[in-house]
$ cat model.tsv   # TSV, C-alpha atoms
chain	number	residue	atom	x	y	z
A	11	MET	CA	43.57	166.63	-46.28
A	12	GLY	CA	43.33	165.32	-42.82
A	13	THR	CA	46.42	164.28	-40.90
A	14	GLU	CA	46.80	160.69	-39.94
A	15	GLN	CA	47.30	160.03	-36.25
A	16	THR	CA	49.51	157.21	-35.16
A	17	PRO	CA	48.14	155.24	-32.24
A	18	TYR	CA	49.95	156.04	-29.02
A	19	SER	CA	51.96	153.22	-27.50
A	20	PRO	CA	53.41	153.70	-24.03
A	21	PRO	CA	57.19	153.27	-23.68
A	22	PRO	CA	58.27	149.87	-22.46
A	23	ALA	CA	58.64	149.84	-18.75
A	24	ALA	CA	62.04	149.00	-17.34
A	25	ALA	CA	62.32	145.32	-16.55
A	26	PRO	CA	62.37	144.85	-12.77
A	27	HIS	CA	65.43	143.21	-11.18
A	28	ARG	CA	64.70	139.55	-11.08
A	29	PRO	CA	65.44	137.79	-7.77
A	30	VAL	CA	66.04	134.67	-9.82
A	31	ASP	CA	69.43	136.03	-10.92
A	32	ARG	CA	70.44	136.58	-7.33
A	33	GLU	CA	69.33	133.10	-6.35
A	34	THR	CA	71.22	131.65	-9.30
A	35	SER	CA	74.43	133.43	-8.31
A	36	LEU	CA	74.02	132.29	-4.70
A	37	VAL	CA	73.54	128.69	-5.76
A	38	THR	CA	76.57	128.95	-8.04
A	39	THR	CA	78.68	130.35	-5.20
A	40	VAL	CA	77.61	127.63	-2.80
A	41	HIS	CA	78.20	124.98	-5.45
A	42	ARG	CA	81.66	126.34	-6.19
A	43	TRP	CA	82.45	126.50	-2.46
A	44	LEU	CA	81.38	122.89	-1.97
A	45	LEU	CA	83.48	121.79	-4.93
A	46	ASP	CA	86.49	123.63	-3.51
A	47	ARG	CA	86.02	122.00	-0.11
A	48	VAL	CA	85.62	118.55	-1.64
A	49	GLY	CA	88.69	119.12	-3.79
A	50	ALA	CA	90.72	120.28	-0.78
A	51	LEU	CA	89.60	117.25	1.21
A	52	TRP	CA	90.47	114.92	-1.64
A	53	ALA	CA	93.87	116.55	-2.01
A	54	LEU	CA	94.41	116.22	1.73
A	55	LEU	CA	93.64	112.50	1.58
A	56	THR	CA	95.56	111.66	-1.59
A	57	ALA	CA	98.41	114.17	-1.92
A	58	ARG	CA	100.77	112.79	0.72
A	59	PRO	CA	100.64	110.61	3.85
A	60	LEU	CA	100.07	112.71	6.95
A	61	SER	CA	101.72	112.41	10.37
A	62	LEU	CA	104.26	109.75	9.45
A	63	TYR	CA	106.36	110.54	12.52
A	64	ALA	CA	103.31	110.34	14.78
A	65	ALA	CA	102.41	106.95	13.29
A	66	SER	CA	105.95	105.75	13.99
A	67	VAL	CA	105.72	107.00	17.57
A	68	LEU	CA	102.48	105.05	17.98
A	69	ARG	CA	104.15	101.92	16.57
A	70	ILE	CA	107.17	102.20	18.83
A	71	GLY	CA	105.10	103.17	21.85
A	72	TYR	CA	102.49	100.43	21.69
A	73	GLY	CA	104.95	97.76	20.58
A	74	LEU	CA	107.32	98.57	23.43
A	75	LEU	CA	104.47	98.92	25.94
A	76	TYR	CA	103.06	95.49	25.09
A	77	LEU	CA	106.53	93.95	25.07
A	78	ILE	CA	107.15	95.26	28.59
A	79	PHE	CA	103.71	94.00	29.61
A	80	LEU	CA	104.47	90.47	28.37
A	81	LEU	CA	107.87	90.47	30.04
A	82	ARG	CA	106.41	91.69	33.32
A	83	GLU	CA	103.78	88.94	33.32
A	84	PHE	CA	106.22	86.26	32.21
A	85	PRO	CA	106.36	84.52	35.65
A	86	TYR	CA	102.54	84.41	35.76
A	87	ARG	CA	101.86	83.61	32.12
A	88	ASP	CA	100.47	80.13	32.81
A	89	GLU	CA	97.97	81.38	35.42
A	90	ILE	CA	96.75	84.19	33.16
A	91	TRP	CA	96.73	82.77	29.63
A	92	GLY	CA	98.08	79.22	29.81
A	93	PRO	CA	96.55	75.80	30.43
A	94	GLY	CA	96.87	76.34	34.20
A	95	SER	CA	94.55	79.35	34.21
A	96	PRO	CA	91.37	79.14	36.36
A	97	TRP	CA	89.56	80.37	33.27
A	98	THR	CA	90.06	77.09	31.45
A	99	PRO	CA	90.23	76.77	27.65
A	100	ALA	CA	86.84	75.02	27.72
A	101	LEU	CA	85.20	77.99	29.47
A	102	ALA	CA	86.92	80.39	27.09
A	103	ALA	CA	85.66	78.39	24.10
A	104	GLN	CA	82.08	78.56	25.43
A	105	LEU	CA	82.40	82.34	25.80
A	106	PHE	CA	83.78	82.65	22.28
A	107	ASP	CA	80.75	80.84	20.92
A	108	GLN	CA	78.57	83.56	22.44
A	109	THR	CA	80.69	86.65	21.77
A	110	GLY	CA	82.44	85.79	18.51
A	111	TRP	CA	85.95	86.30	19.89
A	112	ASN	CA	88.79	83.96	18.97
A	113	SER	CA	92.33	83.26	20.08
A	114	ILE	CA	95.26	81.35	18.63
A	115	LEU	CA	96.08	80.21	22.18
A	116	LEU	CA	93.11	77.84	22.11
A	117	ILE	CA	94.19	75.90	19.03
A	118	SER	CA	95.91	73.44	21.33
A	119	GLU	CA	95.90	72.92	25.10
A	120	SER	CA	99.49	71.68	25.09
A	121	ARG	CA	101.88	73.55	27.37
A	122	ALA	CA	104.63	73.37	24.74
A	123	TYR	CA	102.32	75.05	22.21
A	124	PHE	CA	101.50	77.80	24.71
A	125	GLU	CA	105.18	78.43	25.44
A	126	LEU	CA	105.87	78.61	21.71
A	127	CYS	CA	103.04	81.12	21.27
A	128	TYR	CA	104.39	83.24	24.12
A	129	VAL	CA	107.90	83.31	22.66
A	130	MET	CA	106.51	84.18	19.23
A	131	ALA	CA	104.47	86.98	20.82
A	132	LEU	CA	107.64	88.44	22.34
A	133	VAL	CA	109.46	88.20	19.01
A	134	THR	CA	106.53	89.77	17.13
A	135	ALA	CA	106.30	92.68	19.56
A	136	THR	CA	110.05	93.27	19.27
A	137	LEU	CA	110.08	93.23	15.46
A	138	PHE	CA	107.01	95.45	15.31
A	139	THR	CA	108.68	97.98	17.61
A	140	LEU	CA	111.84	97.96	15.48
A	141	GLY	CA	109.81	98.33	12.29
A	142	TRP	CA	111.02	95.23	10.44
A	143	ARG	CA	108.62	94.28	7.61
A	144	THR	CA	106.08	96.51	9.27
A	145	ARG	CA	103.16	95.67	7.00
A	146	VAL	CA	103.32	92.00	7.91
A	147	MET	CA	104.34	92.54	11.52
A	148	SER	CA	101.47	94.95	12.16
A	149	VAL	CA	98.97	92.24	11.18
A	150	LEU	CA	100.75	89.59	13.27
A	151	PHE	CA	101.00	91.96	16.22
A	152	ALA	CA	97.27	92.66	16.00
A	153	VAL	CA	96.60	88.91	16.01
A	154	VAL	CA	98.81	88.53	19.11
A	155	VAL	CA	97.06	91.34	21.01
A	156	ILE	CA	93.60	90.05	20.09
A	157	SER	CA	94.49	86.50	21.11
A	158	PHE	CA	95.92	87.42	24.52
A	159	HIS	CA	93.12	89.93	25.15
A	160	ALA	CA	90.38	87.41	24.37
A	161	ARG	CA	92.02	84.59	26.34
A	162	ALA	CA	91.84	86.54	29.63
A	163	ILE	CA	89.13	89.05	28.80
A	164	PHE	CA	87.87	89.27	32.39
A	165	MET	CA	91.27	90.52	33.56
A	166	THR	CA	91.45	93.42	31.11
A	167	ASP	CA	90.76	97.09	31.80
A	168	GLY	CA	90.50	100.35	29.88
A	169	GLY	CA	94.19	100.35	29.04
A	170	ASP	CA	93.97	96.91	27.41
A	171	ASN	CA	90.92	97.97	25.42
A	172	LEU	CA	92.67	101.09	24.15
A	173	VAL	CA	95.78	99.15	23.14
A	174	LEU	CA	93.59	96.67	21.27
A	175	LEU	CA	91.83	99.45	19.34
A	176	MET	CA	95.02	101.29	18.48
A	177	VAL	CA	96.76	98.14	17.29
A	178	LEU	CA	93.88	97.44	14.93
A	179	TYR	CA	94.00	101.01	13.59
A	180	LEU	CA	97.77	100.84	13.09
A	181	VAL	CA	97.29	98.00	10.61
A	182	LEU	CA	95.84	100.61	8.23
A	183	THR	CA	98.68	103.08	8.61
A	184	ALA	CA	102.15	103.29	7.09
A	185	CYS	CA	103.74	103.28	10.53
A	186	GLY	CA	107.07	101.96	9.26
A	187	ARG	CA	108.06	104.92	7.07
A	188	ARG	CA	110.03	106.67	9.82
A	189	TRP	CA	112.37	105.53	12.60
A	190	SER	CA	112.34	101.89	11.54
A	191	LEU	CA	114.46	99.22	9.93
A	192	ASP	CA	112.23	99.47	6.87
A	193	ALA	CA	113.04	103.18	6.51
A	194	ARG	CA	116.76	102.43	6.79
A	195	ARG	CA	116.49	99.71	4.14
A	196	ASP	CA	114.61	102.09	1.80
A	197	ARG	CA	117.30	104.77	2.21
A	198	LEU	CA	120.03	102.27	1.34
A	199	ARG	CA	118.11	101.00	-1.67
A	200	LYS	CA	117.53	104.53	-2.98
A	201	ALA	CA	121.20	105.34	-2.50
A	202	ARG	CA	122.17	102.29	-4.56
A	203	ALA	CA	119.53	103.02	-7.20
A	204	ALA	CA	120.79	106.59	-7.62
A	205	HIS	CA	123.99	105.29	-9.24
A	206	ALA	CA	122.29	102.58	-11.32
A	207	PRO	CA	120.39	103.07	-14.61
A	208	GLN	CA	116.66	103.34	-14.12
A	209	PRO	CA	114.58	100.65	-15.88
A	210	VAL	CA	111.95	101.83	-18.32
A	211	LYS	CA	108.50	100.92	-17.10
A	212	SER	CA	105.47	100.47	-19.28
A	213	PHE	CA	102.49	102.78	-19.11
A	214	HIS	CA	100.29	100.22	-17.38
A	215	ALA	CA	102.97	99.41	-14.80
A	216	GLN	CA	103.36	103.12	-14.04
A	217	GLN	CA	99.61	103.53	-13.67
A	218	LEU	CA	99.39	100.55	-11.33
A	219	LYS	CA	102.21	101.95	-9.21
A	220	GLU	CA	100.52	105.34	-8.94
A	221	ALA	CA	97.21	103.71	-8.04
A	222	ARG	CA	98.90	101.63	-5.34
A	223	VAL	CA	100.62	104.71	-3.89
A	224	THR	CA	97.35	106.66	-3.88
A	225	LEU	CA	95.44	103.83	-2.23
A	226	THR	CA	98.12	103.40	0.44
A	227	THR	CA	98.09	107.13	1.14
A	228	VAL	CA	94.30	107.28	1.44
A	229	VAL	CA	94.15	104.26	3.77
A	230	HIS	CA	96.96	105.66	5.93
A	231	ASN	CA	95.36	109.10	6.26
A	232	CYS	CA	91.97	107.60	7.06
A	233	GLY	CA	93.59	105.40	9.72
A	234	MET	CA	95.25	108.41	11.35
A	235	PHE	CA	91.98	110.35	11.29
A	236	VAL	CA	90.21	107.42	12.94
A	237	ILE	CA	92.87	107.29	15.68
A	238	ALA	CA	92.52	111.03	16.32
A	239	ALA	CA	88.72	110.75	16.39
A	240	GLN	CA	88.93	107.82	18.82
A	241	VAL	CA	91.09	109.82	21.25
A	242	CYS	CA	88.77	112.83	20.99
A	243	PHE	CA	85.79	110.61	21.70
A	244	LEU	CA	87.50	109.11	24.75
A	245	TYR	CA	88.35	112.46	26.28
A	246	GLY	CA	85.03	114.09	25.40
A	247	SER	CA	82.89	111.26	26.71
A	248	ALA	CA	85.00	110.96	29.88
A	249	GLY	CA	84.64	114.68	30.55
A	250	LEU	CA	80.88	114.66	29.96
A	251	TYR	CA	80.42	111.65	32.26
A	252	LYS	CA	82.42	113.44	34.96
A	253	VAL	CA	80.27	116.55	34.64
A	254	GLN	CA	77.18	114.49	35.45
A	255	GLY	CA	78.70	113.12	38.67
A	256	ALA	CA	78.07	114.84	41.99
A	257	THR	CA	81.52	113.99	43.35
A	258	TRP	CA	83.28	115.69	40.45
A	259	GLY	CA	81.03	118.70	40.76
A	260	GLY	CA	81.77	118.86	44.48
A	261	GLY	CA	85.50	118.42	43.96
A	262	THR	CA	85.72	115.25	46.07
A	263	ALA	CA	86.10	112.59	43.36
A	264	LEU	CA	89.88	112.39	43.59
A	265	HIS	CA	89.63	112.24	47.39
A	266	TYR	CA	87.56	109.05	47.19
A	267	ALA	CA	89.83	107.60	44.49
A	268	LEU	CA	92.91	108.14	46.65
A	269	ASN	CA	91.27	106.27	49.54
A	270	LEU	CA	90.42	103.10	47.58
A	271	GLU	CA	92.66	100.24	48.69
A	272	LEU	CA	92.50	98.72	45.21
A	273	PHE	CA	94.23	101.83	43.77
A	274	GLN	CA	96.84	102.41	46.45
A	275	PRO	CA	100.21	101.04	45.31
A	276	TRP	CA	101.87	103.36	47.83
A	277	PRO	CA	99.40	104.12	50.65
A	278	ALA	CA	101.74	106.59	52.34
A	279	LEU	CA	102.00	108.65	49.16
A	280	SER	CA	98.22	108.58	48.67
A	281	GLN	CA	97.68	109.77	52.24
A	282	LEU	CA	100.25	112.53	51.77
A	283	VAL	CA	98.47	113.84	48.67
A	284	ASN	CA	95.10	113.51	50.40
A	285	GLU	CA	96.19	116.05	53.02
A	286	PHE	CA	95.74	118.90	50.50
A	287	PRO	CA	91.98	118.97	49.77
A	288	MET	CA	92.03	122.34	48.01
A	289	VAL	CA	94.69	121.17	45.56
A	290	ILE	CA	92.77	117.93	44.96
A	291	ALA	CA	89.58	119.87	44.19
A	292	MET	CA	91.40	122.22	41.78
A	293	VAL	CA	93.03	119.28	39.98
A	294	GLY	CA	89.62	117.62	39.64
A	295	TYR	CA	88.03	120.71	38.11
A	296	LEU	CA	91.01	121.18	35.78
A	297	THR	CA	90.74	117.55	34.66
A	298	VAL	CA	87.08	117.92	33.73
A	299	LEU	CA	87.69	121.22	31.94
A	300	VAL	CA	90.58	119.88	29.90
A	301	GLN	CA	88.79	116.69	28.88
A	302	VAL	CA	85.63	118.49	27.79
A	303	ALA	CA	87.54	121.18	25.91
A	304	PHE	CA	90.05	118.81	24.32
A	305	PRO	CA	88.22	118.20	21.00
A	306	PHE	CA	87.79	121.97	20.50
A	307	VAL	CA	91.42	123.06	20.97
A	308	LEU	CA	93.10	120.72	18.50
A	309	PHE	CA	93.35	123.26	15.68
A	310	GLY	CA	95.24	125.94	17.57
A	311	ARG	CA	98.28	126.46	19.70
A	312	LEU	CA	96.23	125.94	22.82
A	313	LYS	CA	96.51	122.19	22.30
A	314	TYR	CA	100.14	122.18	23.48
A	315	PRO	CA	99.42	123.32	27.07
A	316	VAL	CA	96.37	121.04	27.11
A	317	LEU	CA	98.50	118.06	26.07
A	318	THR	CA	101.01	119.02	28.76
A	319	VAL	CA	98.27	119.02	31.39
A	320	LEU	CA	97.04	115.64	30.16
A	321	LEU	CA	100.58	114.27	30.32
A	322	GLY	CA	100.85	115.31	33.97
A	323	MET	CA	97.41	113.85	34.69
A	324	HIS	CA	98.29	110.45	33.23
A	325	MET	CA	101.62	110.35	35.02
A	326	GLY	CA	99.77	111.05	38.27
A	327	ILE	CA	97.34	108.22	37.53
A	328	ALA	CA	100.22	105.83	36.84
A	329	VAL	CA	102.01	106.69	40.09
A	330	LEU	CA	99.16	107.30	42.54
A	331	MET	CA	96.66	104.74	41.29
A	332	GLY	CA	99.00	102.06	39.98
A	333	LEU	CA	97.68	102.01	36.39
A	334	PRO	CA	100.82	102.26	34.25
A	335	LEU	CA	99.38	100.38	31.26
A	336	PHE	CA	96.36	102.67	30.98
A	337	SER	CA	98.43	105.82	31.48
A	338	GLY	CA	101.05	104.69	28.99
A	339	ALA	CA	98.41	103.86	26.38
A	340	MET	CA	96.80	107.29	26.75
A	341	ILE	CA	100.12	109.17	26.65
A	342	ILE	CA	101.12	107.35	23.47
A	343	ALA	CA	97.71	108.05	21.91
A	344	ASP	CA	98.12	111.78	22.59
A	345	ALA	CA	101.21	111.75	20.35
A	346	VAL	CA	98.98	111.59	17.27
A	347	PHE	CA	98.13	115.28	17.68
A	348	LEU	CA	101.74	116.49	17.49
A	349	PRO	CA	102.75	117.55	13.96
A	350	ASP	CA	105.72	116.16	12.07
A	351	ARG	CA	107.66	119.40	12.49
A	352	PHE	CA	107.62	118.80	16.24
A	353	TYR	CA	109.29	115.40	15.87
A	354	THR	CA	111.80	116.68	13.29
A	355	PHE	CA	112.69	119.52	15.65
A	356	LEU	CA	113.52	117.16	18.51
A	357	PRO	CA	116.82	115.84	17.03
A	358	LEU	CA	117.84	119.41	16.20
A	359	LEU	CA	117.06	120.49	19.74
A	360	TRP	CA	119.04	117.54	21.08
A	361	ARG	CA	122.07	118.41	18.95
A	362	ARG	CA	121.90	122.04	20.01
A	363	ALA	CA	121.72	121.06	23.66
A	364	ALA	CA	124.67	118.69	23.25
A	365	GLN	CA	126.70	121.38	21.50
A	366	HIS	CA	125.80	123.91	24.20
A	367	ILE	CA	126.86	121.52	26.95
A	368	GLY	CA	130.08	120.74	25.08
A	369	MET	CA	130.87	124.43	24.62
A	370	ARG	CA	130.25	125.12	28.28
A	371	SER	CA	132.56	122.31	29.33
A	372	GLU	CA	135.24	123.60	26.95
A	373	ARG	CA	134.90	127.11	28.41
A	374	ARG	CA	135.28	125.73	31.91
A	375	GLN	CA	138.38	123.81	30.92
A	376	THR	CA	139.83	126.87	29.18
A	377	ALA	CA	139.00	129.12	32.12
A	378	GLY	CA	140.52	126.63	34.53
A	379	SER	CA	143.71	126.31	32.54
A	380	GLY	CA	144.01	130.10	32.21
A	381	SER	CA	143.48	130.98	35.86
A	382	VAL	CA	145.85	128.38	37.26
A	383	PRO	CA	149.10	128.27	35.30
A	384	ALA	CA	150.87	125.00	34.80
A	385	GLN	CA	153.22	124.24	37.65
A	386	ALA	CA	156.68	123.26	36.41
A	387	ARG	CA	159.03	121.45	38.75
A	388	PRO	CA	161.85	123.82	39.68
A	389	GLU	CA	165.35	122.65	39.01
A	390	VAL	CA	167.25	121.75	42.16
A	391	PRO	CA	170.90	122.77	42.31
A	392	ALA	CA	173.36	119.97	42.50
A	393	SER	CA	174.62	121.08	45.89
A	394	ASP	CA	171.11	120.99	47.38
A	395	HIS	CA	170.11	117.66	45.91
A	396	PRO	CA	169.91	114.87	48.51
A	397	ARG	CA	172.01	112.73	46.25
A	398	ALA	CA	174.74	115.33	45.87
A	399	VAL	CA	178.27	114.06	45.77
A	400	ARG	CA	179.84	114.22	49.17
A	401	GLY	CA	183.49	113.47	49.44
A	402	GLY	CA	183.57	111.81	46.07
A	403	GLN	CA	180.75	109.42	47.06
A	404	THR	CA	177.08	109.57	46.37
A	405	ALA	CA	175.07	109.98	49.57
A	406	PRO	CA	172.30	107.46	50.12
A	407	PRO	CA	168.77	108.74	49.65
$ encode --input "model.tsv" --output "structure tokens"
Amino acid sequence: MGTEQTPYSPPPAAAPHRPVDRETSLVTTVHRWLLDRVGALWALLTARPLSLYAASVLRIGYGLLYLIFLLREFPYRDEIWGPGSPWTPALAAQLFDQTGWNSILLISESRAYFELCYVMALVTATLFTLGWRTRVMSVLFAVVVISFHARAIFMTDGGDNLVLLMVLYLVLTACGRRWSLDARRDRLRKARAAHAPQPVKSFHAQQLKEARVTLTTVVHNCGMFVIAAQVCFLYGSAGLYKVQGATWGGGTALHYALNLELFQPWPALSQLVNEFPMVIAMVGYLTVLVQVAFPFVLFGRLKYPVLTVLLGMHMGIAVLMGLPLFSGAMIIADAVFLPDRFYTFLPLLWRRAAQHIGMRSERRQTAGSGSVPAQARPEVPASDHPRAVRGGQTAPP
């Protein structure tokens, strides 16, 4: 009997490693990473309002700056914005038809109406600075700034433009949560509510409240991001424009600026600074470097010395070139990059300094009282006293 032979079948070859699995895992990792980043960004926007102290500093700074500006121009208000201005209301109305601007100052050409608007502008700036009903006052303050800016638009400069932009951005922010009358009123209300029974709210009312809080937080955070982006754009574009100029590259730009009669509030001081050309050139190069590098140093500790340099630069511009409004607007705008822990540390630092000064004064008083003993008046014997009894009579003094 013949043996049956089974047909030979080769063993199955090992399946090669498929690159599809690797691509799938890579896509999954990238997708998970993107979801994490989107979730972190959403949490950053909705979890809590950011930089509340910085927003309050911007409110106080720009409100006070514009209030001082209106008070300084009070004697010349009619020539700048009033009916007696060379830029008449009719000319301003023709310009508004072309540009789309508008101003509440042009509703009436009456002098009494203009004076009323000016007084209301002063009151609005004061209440906005103090943080009274900040939501409403921020809108009214923006209307005031827009109206006065548009009425005398040919007399404005970079400082006025920056104030206008920042005031519009502050409408979006919760700039009254700190250092304001609104914050004080909220603390008092919470203190009273802590001892009172809490009312039971319905589910829909609770949902509406949470939605309102989330929307307010998102709008505030977006407003603060826009303010920070605006300042970064200003510094970056200014630095890049300076790099393209031959005078900044040659280190002579500040020399020419100091010799312009239009920007010489104190000519003697400008001439004194102009006598140090090497220092002027170094300051010019440092200015360009700091402005170009500013957007790239905001996420590290290097931003603090950069902000210090910018503070000195703006103070120099205010003093040497006579541009206090522009310098003040830029210094206030730089405050948006300081974290809340910086502003909360300032009162603590102030209290520590006050305690240290008080302790030093107490030590000085203690040391003074210990080194020089109290001088008691020695008792004078009766026989040596000028009023001693002589012969039964008291001698005259």
$ residues_around --input "model.tsv" --residues "Phe336 (chain A)" --least-positions-apart "3" --cutoff "6 Å" --atoms "all atoms listed in the file" --output "VMD selection string"
chain A and resid 169 333 339
$ atom_distance --input "model.tsv" --atom1 "CA of Leu218 (chain A)" --atom2 "CA of Trp189 (chain A)"
27.7 Å
$ residues_around --input "model.tsv" --residues "region 121-133 of chain A" --least-positions-apart "5" --cutoff "9 Å" --atoms "all atoms listed in the file" --output "list of chain:residue names"
A:Tyr76, A:Leu77, A:Leu80, A:Leu81, A:Phe84, A:Arg87, A:Asp88, A:Trp91, A:Gly92, A:Pro93, A:Gly94, A:Ile114, A:Leu115, A:Leu116, A:Phe138, A:Leu150, A:Phe151, A:Val154, A:Val155
$ write_last_selection --input "model.tsv" --atoms "C-alpha atoms" --output "PDB file, keeping the file's coordinate frame"
ATOM      1  CA  TYR A  76     103.060  95.490  25.090  1.00  0.00           C
ATOM      2  CA  LEU A  77     106.530  93.950  25.070  1.00  0.00           C
ATOM      3  CA  LEU A  80     104.470  90.470  28.370  1.00  0.00           C
ATOM      4  CA  LEU A  81     107.870  90.470  30.040  1.00  0.00           C
ATOM      5  CA  PHE A  84     106.220  86.260  32.210  1.00  0.00           C
ATOM      6  CA  ARG A  87     101.860  83.610  32.120  1.00  0.00           C
ATOM      7  CA  ASP A  88     100.470  80.130  32.810  1.00  0.00           C
ATOM      8  CA  TRP A  91      96.730  82.770  29.630  1.00  0.00           C
ATOM      9  CA  GLY A  92      98.080  79.220  29.810  1.00  0.00           C
ATOM     10  CA  PRO A  93      96.550  75.800  30.430  1.00  0.00           C
ATOM     11  CA  GLY A  94      96.870  76.340  34.200  1.00  0.00           C
ATOM     12  CA  ILE A 114      95.260  81.350  18.630  1.00  0.00           C
ATOM     13  CA  LEU A 115      96.080  80.210  22.180  1.00  0.00           C
ATOM     14  CA  LEU A 116      93.110  77.840  22.110  1.00  0.00           C
ATOM     15  CA  PHE A 138     107.010  95.450  15.310  1.00  0.00           C
ATOM     16  CA  LEU A 150     100.750  89.590  13.270  1.00  0.00           C
ATOM     17  CA  PHE A 151     101.000  91.960  16.220  1.00  0.00           C
ATOM     18  CA  VAL A 154      98.810  88.530  19.110  1.00  0.00           C
ATOM     19  CA  VAL A 155      97.060  91.340  21.010  1.00  0.00           C
TER      20      VAL A 155
END
$ closest_atom_pairs --input "model.tsv" --of "region 175-288 of chain A" --to "region 64-72 of chain A" --cutoff "12 Å" --atoms "only C-alpha atoms" --output "Markdown table"
| residue | atom | partner | partner_atom | distance |
| --- | --- | --- | --- | --- |
| A:Leu175 | CA | A:Tyr72 | CA | 11.0 |
| A:Met176 | CA | A:Tyr72 | CA | 8.2 |
| A:Val177 | CA | A:Tyr72 | CA | 7.6 |
| A:Leu178 | CA | A:Arg69 | CA | 11.3 |
| A:Tyr179 | CA | A:Ala65 | CA | 10.3 |
| A:Leu180 | CA | A:Arg69 | CA | 7.3 |
| A:Val181 | CA | A:Arg69 | CA | 9.9 |
| A:Leu182 | CA | A:Ala65 | CA | 10.4 |
| A:Thr183 | CA | A:Ala65 | CA | 7.1 |
| A:Ala184 | CA | A:Ala65 | CA | 7.2 |
| A:Cys185 | CA | A:Ala65 | CA | 4.8 |
| A:Gly186 | CA | A:Ser66 | CA | 6.2 |
| A:Arg187 | CA | A:Ser66 | CA | 7.3 |
| A:Arg188 | CA | A:Ser66 | CA | 5.9 |
| A:Trp189 | CA | A:Ser66 | CA | 6.6 |
| A:Ser190 | CA | A:Ser66 | CA | 7.9 |
| A:Leu191 | CA | A:Ser66 | CA | 11.5 |
| A:Asp192 | CA | A:Ser66 | CA | 11.4 |
| A:Ala193 | CA | A:Ser66 | CA | 10.6 |
| A:His230 | CA | A:Ala65 | CA | 9.2 |
| A:Asn231 | CA | A:Ala65 | CA | 10.2 |
| A:Gly233 | CA | A:Ala65 | CA | 9.6 |
| A:Met234 | CA | A:Ala65 | CA | 7.6 |
| A:Phe235 | CA | A:Ala65 | CA | 11.2 |
| A:Ile237 | CA | A:Ala65 | CA | 9.8 |
| A:Ala238 | CA | A:Ala64 | CA | 10.9 |
$ atom_distance --input "model.tsv" --atom1 "CA of Asn112 (chain A)" --atom2 "CA of Arg161 (chain A)"
8.1 Å
$ closest_residue --input "model.tsv" --among "A:Val146, A:Leu244, A:Val236, A:Val307" --to "Leu172 (chain A)" --atoms "only C-alpha atoms"
A:Leu244
$ atom_distance --input "model.tsv" --atom1 "CA of Cys242 (chain A)" --atom2 "CA of Phe304 (chain A)"
7.0 Å
$ closest_residue --input "model.tsv" --among "A:Val229, A:Ala239, A:Ile156, A:Ile78" --to "Pro305 (chain A)" --atoms "only C-alpha atoms"
A:Ala239
$ closest_residue --input "model.tsv" --among "A:His41, A:Glu220, A:Leu272, A:Ala162" --to "Trp97 (chain A)" --atoms "all atoms listed in the file"
A:Ala162
$ closest_residue --input "model.tsv" --among "A:Thr98, A:Thr257, A:Asn284, A:Thr136" --to "Glu119 (chain A)" --atoms "only C-alpha atoms"
A:Thr98
$ closest_residue --input "model.tsv" --among "A:Ile367, A:Ser247, A:Leu264, A:Ser118" --to "Pro99 (chain A)" --atoms "only C-alpha atoms"
A:Ser118
$ residues_around --input "model.tsv" --residues "Val329 (chain A)" --least-positions-apart "3" --cutoff "10 Å" --atoms "all atoms listed in the file" --output "ChimeraX atom specification"
/A:273-276,279-280,324-326,332-334,337
$ closest_residue --input "model.tsv" --among "A:Val302, A:Val316, A:Ala160, A:Met340" --to "Gly110 (chain A)" --atoms "only C-alpha atoms"
A:Ala160
